[in-house]
Structures are given as structure tokens and as C-alpha cells.
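What follows is a set of notes on a single structure, which appears directly below.
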Amino acid sequence: MSNVEVLANAGVIKDVKQLSPEMTKKINALSPEEVTHLVSVKSKLGEDDLKSHAKVMIM
Amino acid sequence: MLASQEVENRLLLYGAGWKRLSCALWESPDLSFLYPEMLKVSYQVIRASTTLLELARDQALHLAPLDSVAAGLATYLVQHVEEERGHDEWLRKDLACLGVSARDLDEALPSPYVAGMVGAQHYWILHTHPVAILGYIAVLEGEPPEEAFFLDVARRSGLPEAAFNTLRYHSRVDQEHWRDLLGMVDALPLEPRHLSLMGLSILHTCNGMEAVLQKVLSQAEASVPA
């Protein structure tokens with residue numbers, strides 16, 4: 001099972017059809033440990049629509 | 001795929017939550033209240049930076065004779081620790097411009113979110129591999145904004161420009177720091193387990209930032225009279 005399928009089954013990805021091919025490739029490149037943690041914390045995954053954000057905390 | 005691309009992909013995938021909240025903070029009509037609150041939390045995180053980087057550097061130096069990733073990391077961290085040293089004092093000065101006293105800062109109790117975000121790095125550095133710190137640095141130092149943005153925020157909020165000095169400094173130097181970090185990541189002989197650890201570190205730090213920001217934003221909601 002691919003990472004995308006695992007995350008979709010866990011409800012982390014709501015609509016697999018809306019994922020771009022590029023996004024699908026990036027998610028499927030994540031490690032099993034990361035996918036396991038994503039499932040446990042139910043993190044939302046982002047598209048690159050926030051390039052204009054400015055950070056509030058900088059090291 | 002280059003390791004630097006792996007890092008940038010994860011910043012994109014994992015950073016959506018805290019970036020949205022970051023936008024909400026900067027666009028808030030309560031910015032004059034929220035910015036000092038955010039800066040106080042930033043101080044709680046950033047004051048741990050030098051200690052954290054020194055720990056990672058020392059652990060990398062310890063492992064270096066038998067570990068080429070640790071050896072390359074140590075070379076980078078020896079320099080980077082000095083670049084980050086003293087920035088907590090700068091934040092104290094920025095906060096003083098906003099009327100926040102040293103006593104207020106010293107007596108404030110940091111949230112479990114701050115402790116969890118920073119504390120996880122201590123664990124990974126000591127008990128897994130110091131390369132974890134690169135995920136933390138990537139979140140806090142990557143994707144630096146333009147200085148003009150902070151000048152605009154100062155104007156919009158009515159807060160003194162001097163209260164943005166630390167953020168403005170970083171917006172100038174972090175472009176170079178970011179390039180240095182990505183170049184160094186590509187030069188390290190990383191194995192999948194190193195990249196996975198860095199990925200977990202990025203994910204955990206992004207989640208920590210989201211929790212920290214959510215708490216700050218909820219303070220503004222709580223401060224609105226019913």
C-alpha cells in the first residue's frame with residue numbers, strides 16, 4: 001500500500017483525487033516512520049499555497 | 001532526489017498548519033496585542049537555541065571519528081552556534097520596547113508546547129542522532145521573509161520599529177544561512193534513516209509551532225470583552 005493510500009485510509013488525506021501528481025510523489029517519498037506519526041497526530045498536509053506567509057518566529 | 005529537496009518538500013507538506021496561523025496573526029486587527037505575546041513565546045524558544053546547538057555540536061563531535069554524517073554536521077554547527085549566540089538578548093531588547101520587563105520574561109512559565117518542541121530535540125540529539133537538529137533549524141530558519149514585510153507590520157500595528165529589530169535582522173541574514181544549510185545537507189552522506197529522522201524533526205517542530213501559535217491567537221480571542 002502506498003503512503004497516499006495509508007494516509008487516505010486514516011483520514012489524513014480527505015480527497016485523493018484532489019492531489020496533484022507532484023504532491024502524490026512527495027507524499028509517497030516520505031518514510032514509514034513519518035507516515036506512522038502523521039497518522040497518529042492527524043496532521044494536515046499542505047499544498048504550496050502559502051508562499052507569501054511571513055514567519056512569526058525566526059531562529 | 002537531492003537531500004535539500006527532501007527537506008524543502010517536507011517543509012511544504014508539514015508547514016501548512018502553522019503557516020496559516022502565522023498569516024492569521026499578521027493579518028489580525030489585534031496585532032498590537034498579539035505581536036508582544038508572540039514575541040514573548042519566541043523568546044522562550046530562542047533562548048534555548050544556543051544550548052541546543054551546543055548540545056548537537058558536542059554530540060556530533062563525539063560521534064565524528066566513526067560517523068561521517070556527524071563529522072560534517074559538527075563542522076557546520078561549530079560555526080552556526082556562534083551565528084545564533086546572543087539572539088535571546090536581542091529579543092529581550094525588542095520586548096523592552098513593547099513595555100515587557102525582564103522580570104515578566106524571567107517569571108513567565110513556558111507552555112508544554114514550547115518545552116515539547118525544544119525538548120524533543122534534546123532527546124533525539126542524545127539518544128538517536130544529532131542530525132535531527134537540522135529539521136528544527138530548517139523550520140525556524142528556512143523560508144525567511146523580506147525585511148520590508150516587518151516594516152509594513154510595524155506601520156500597520158503602530159508598534160515601534162525597534163520592536164522588530166530581531167526579526168528584521170534575521171530576514172537579512174537568513175537567506176544566506178538557508179543556502180548554507182541546504183548546501184551542507186546535500187554534502188552530507190545521508191542515509192534514509194537520517195532523512196527520516198530529519199523528517200520527523202520537521203514534522204514535530206511544525207506541529208509545535210502550530211500549537212504555540214494557536215495558543216497565542218486564542219489569548220486574543222479570550223481578551224475580547226463579551
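Each chain of the C-alpha cells is named A, B, ... in the order shown, its residues numbered from 1; ligands are numbered from 1 in display order.
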
Which residues of chain B are close to chain A, meaning at most 6 Å apart when you count only C-alpha atoms, and how do they look as a short mmCIF file (atom, residue, chain, number, x, y, z; two decimals) with C-alpha atoms, in the first residue's frame?
```cif
data_model
loop_
_atom_site.label_atom_id
_atom_site.label_comp_id
_atom_site.auth_asym_id
_atom_site.auth_seq_id
_atom_site.Cartn_x
_atom_site.Cartn_y
_atom_site.Cartn_z
CA LEU B 13 3.94 19.21 3.38
CA TYR B 14 4.17 19.72 7.14
CA ALA B 16 0.69 24.30 6.21
CA CYS B 23 -0.84 34.59 8.29
CA SER B 42 9.61 33.41 20.65
CA LEU B 140 12.89 28.06 12.22
CA GLU B 141 15.46 29.38 9.78
CA PRO B 145 10.61 36.64 4.79
CA SER B 196 13.62 10.02 8.17
CA LEU B 200 10.22 13.58 11.99
#
```

Point to revise | Residue neighbourhood B:Ala120, 9 Å, only C-alpha atoms, exclusion window fewer than 4 positions, as a VMD selection string | key: chain B and resid 115 to 116 124 to 125 201 204 to 205

Practice item. List the neighbours of B:Val212 out to 9 Å using only C-alpha atoms; skip same-chain residues closer than 5 positions along the sequence, and give me the result as a PyMOL selection string. Key: chain B and resi 18+38+41+111+113-114+207+217

Export, as an mmCIF file, in the first residue's frame, the selected residues with C-alpha atoms.
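again_25.cif, freshly written:
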```cif
data_model
loop_
_atom_site.group_PDB
_atom_site.id
_atom_site.type_symbol
_atom_site.label_atom_id
_atom_site.label_comp_id
_atom_site.auth_asym_id
_atom_site.auth_seq_id
_atom_site.Cartn_x
_atom_site.Cartn_y
_atom_site.Cartn_z
ATOM 1 C CA TRP B 18 1.465 26.855 11.302
ATOM 2 C CA MET B 38 4.123 36.077 20.143
ATOM 3 C CA VAL B 41 6.881 32.929 23.253
ATOM 4 C CA SER B 111 3.949 26.199 27.951
ATOM 5 C CA TYR B 113 4.195 23.144 23.724
ATOM 6 C CA VAL B 114 7.439 25.113 23.923
ATOM 7 C CA ASN B 207 3.242 20.776 14.925
ATOM 8 C CA LEU B 217 -4.213 33.526 18.921
#
```

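In the backbone-derived DSSP annotation, helix (DSSP H, G or I) within chain A comprises Asn3, Val4, Glu5, Val6, Leu7, Ala8, Asn9, Val16, Lys17, Gln18, Pro21, Glu22, Met23, Thr24, Lys25, Lys26, Ile27, Asn28, Pro32, Glu33, Glu34, Val35, Thr36, His37, Leu38, Val39, Ser40 and Val41 of chain A.
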
Could you please take those selected residues and save N, CA and C atoms as a tab-separated table (two decimals), in the first residue's frame?
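Once everything was written out, this is again.tsv:
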```
chain	number	residue	atom	x	y	z
A	3	ASN	N	1.99	5.30	0.51
A	3	ASN	CA	1.78	6.27	1.61
A	3	ASN	C	0.46	7.00	1.45
A	4	VAL	N	0.16	7.39	0.22
A	4	VAL	CA	-1.09	8.13	-0.02
A	4	VAL	C	-2.29	7.27	0.39
A	5	GLU	N	-2.25	6.00	0.06
A	5	GLU	CA	-3.37	5.11	0.42
A	5	GLU	C	-3.48	4.97	1.94
A	6	VAL	N	-2.34	4.80	2.60
A	6	VAL	CA	-2.34	4.67	4.07
A	6	VAL	C	-2.95	5.92	4.71
A	7	LEU	N	-2.50	7.08	4.23
A	7	LEU	CA	-2.97	8.35	4.82
A	7	LEU	C	-4.44	8.62	4.49
A	8	ALA	N	-4.86	8.18	3.33
A	8	ALA	CA	-6.28	8.34	2.96
A	8	ALA	C	-7.14	7.43	3.84
A	9	ASN	N	-6.69	6.21	4.03
A	9	ASN	CA	-7.45	5.29	4.89
A	9	ASN	C	-7.55	5.80	6.32
A	16	VAL	N	-8.19	12.02	-2.24
A	16	VAL	CA	-7.00	11.64	-3.02
A	16	VAL	C	-7.05	12.20	-4.43
A	17	LYS	N	-8.26	12.33	-4.99
A	17	LYS	CA	-8.40	12.81	-6.37
A	17	LYS	C	-7.92	14.25	-6.52
A	18	GLN	N	-7.93	15.00	-5.41
A	18	GLN	CA	-7.51	16.41	-5.50
A	18	GLN	C	-5.99	16.58	-5.41
A	21	PRO	N	-0.17	15.29	-9.15
A	21	PRO	CA	0.83	14.22	-9.30
A	21	PRO	C	2.12	14.54	-8.54
A	22	GLU	N	2.48	15.81	-8.52
A	22	GLU	CA	3.70	16.23	-7.81
A	22	GLU	C	3.56	15.99	-6.30
A	23	MET	N	2.39	16.35	-5.79
A	23	MET	CA	2.11	16.18	-4.35
A	23	MET	C	2.09	14.67	-4.00
A	24	THR	N	1.49	13.89	-4.85
A	24	THR	CA	1.43	12.44	-4.63
A	24	THR	C	2.85	11.87	-4.56
A	25	LYS	N	3.70	12.36	-5.45
A	25	LYS	CA	5.09	11.89	-5.48
A	25	LYS	C	5.81	12.26	-4.17
A	26	LYS	N	5.58	13.49	-3.70
A	26	LYS	CA	6.23	13.93	-2.46
A	26	LYS	C	5.76	13.11	-1.26
A	27	ILE	N	4.47	12.85	-1.20
A	27	ILE	CA	3.94	12.08	-0.06
A	27	ILE	C	4.44	10.64	-0.10
A	28	ASN	N	4.48	10.08	-1.28
A	28	ASN	CA	4.94	8.69	-1.39
A	28	ASN	C	6.43	8.54	-1.12
A	32	PRO	N	8.38	5.46	6.28
A	32	PRO	CA	7.32	4.80	7.06
A	32	PRO	C	7.15	5.41	8.45
A	33	GLU	N	8.26	5.84	9.07
A	33	GLU	CA	8.17	6.43	10.42
A	33	GLU	C	7.38	7.75	10.39
A	34	GLU	N	7.60	8.52	9.35
A	34	GLU	CA	6.87	9.78	9.23
A	34	GLU	C	5.38	9.52	8.99
A	35	VAL	N	5.09	8.56	8.13
A	35	VAL	CA	3.69	8.25	7.84
A	35	VAL	C	2.98	7.76	9.11
A	36	THR	N	3.65	6.92	9.87
A	36	THR	CA	3.07	6.43	11.13
A	36	THR	C	2.75	7.60	12.06
A	37	HIS	N	3.69	8.56	12.14
A	37	HIS	CA	3.45	9.70	13.04
A	37	HIS	C	2.34	10.61	12.49
A	38	LEU	N	2.32	10.78	11.18
A	38	LEU	CA	1.25	11.59	10.58
A	38	LEU	C	-0.12	10.99	10.90
A	39	VAL	N	-0.21	9.68	10.85
A	39	VAL	CA	-1.48	9.01	11.16
A	39	VAL	C	-1.83	9.23	12.63
A	40	SER	N	-0.83	9.16	13.51
A	40	SER	CA	-1.13	9.28	14.94
A	40	SER	C	-1.50	10.70	15.34
A	41	VAL	N	-0.90	11.71	14.70
A	41	VAL	CA	-1.21	13.10	15.10
A	41	VAL	C	-2.26	13.73	14.19
```

Can you pull out the residues contacting B:Ala60? Cut-off 8 Å, using only C-alpha atoms, and skip same-chain residues under 6 positions away; I want them as a compact mmCIF listing (two decimals) with C-alpha atoms, in the first residue's frame.
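Saved the output as out_39.txt:
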```
# COMPACT_ATOMS: atom_id res chain seq x y z
CA ALA B 70 28.26 13.58 12.38
CA ALA B 71 31.67 14.86 11.24
CA LEU B 73 27.42 18.22 10.86
CA ALA B 74 29.94 19.17 13.55
CA PRO B 130 22.36 14.92 16.26
```

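Among the candidate residues B:Thr166, B:Pro189, B:Asp180, B:His127, the one lying nearest to B:His80 is B:Asp180, with distances computed using only C-alpha atoms.
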
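When atom CA of B:Cys97 is paired with atom CA of B:Pro144, their separation reads 23.4 Å.
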
**Study point:** Contacts of B:Leu34 at 8 Å (only C-alpha atoms; same-chain gap of 2+ positions) as a list in words
**Key:** Leu25, Asp30, Leu31, Ser32, Pro36, Glu37, Met38, Val216, Leu217 and Ala220 of chain B

Practice item. Find the residue from B:Leu61, B:Ala96, B:Val78, B:Val173 that sits nearest to B:Pro160; use only C-alpha atoms when measuring. Key: B:Ala96

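For the residues B:Leu21, B:Met117, B:Met1, B:Leu105, ranking by smallest atom-to-atom distance to B:Ser49 using only C-alpha atoms places B:Met117 first.
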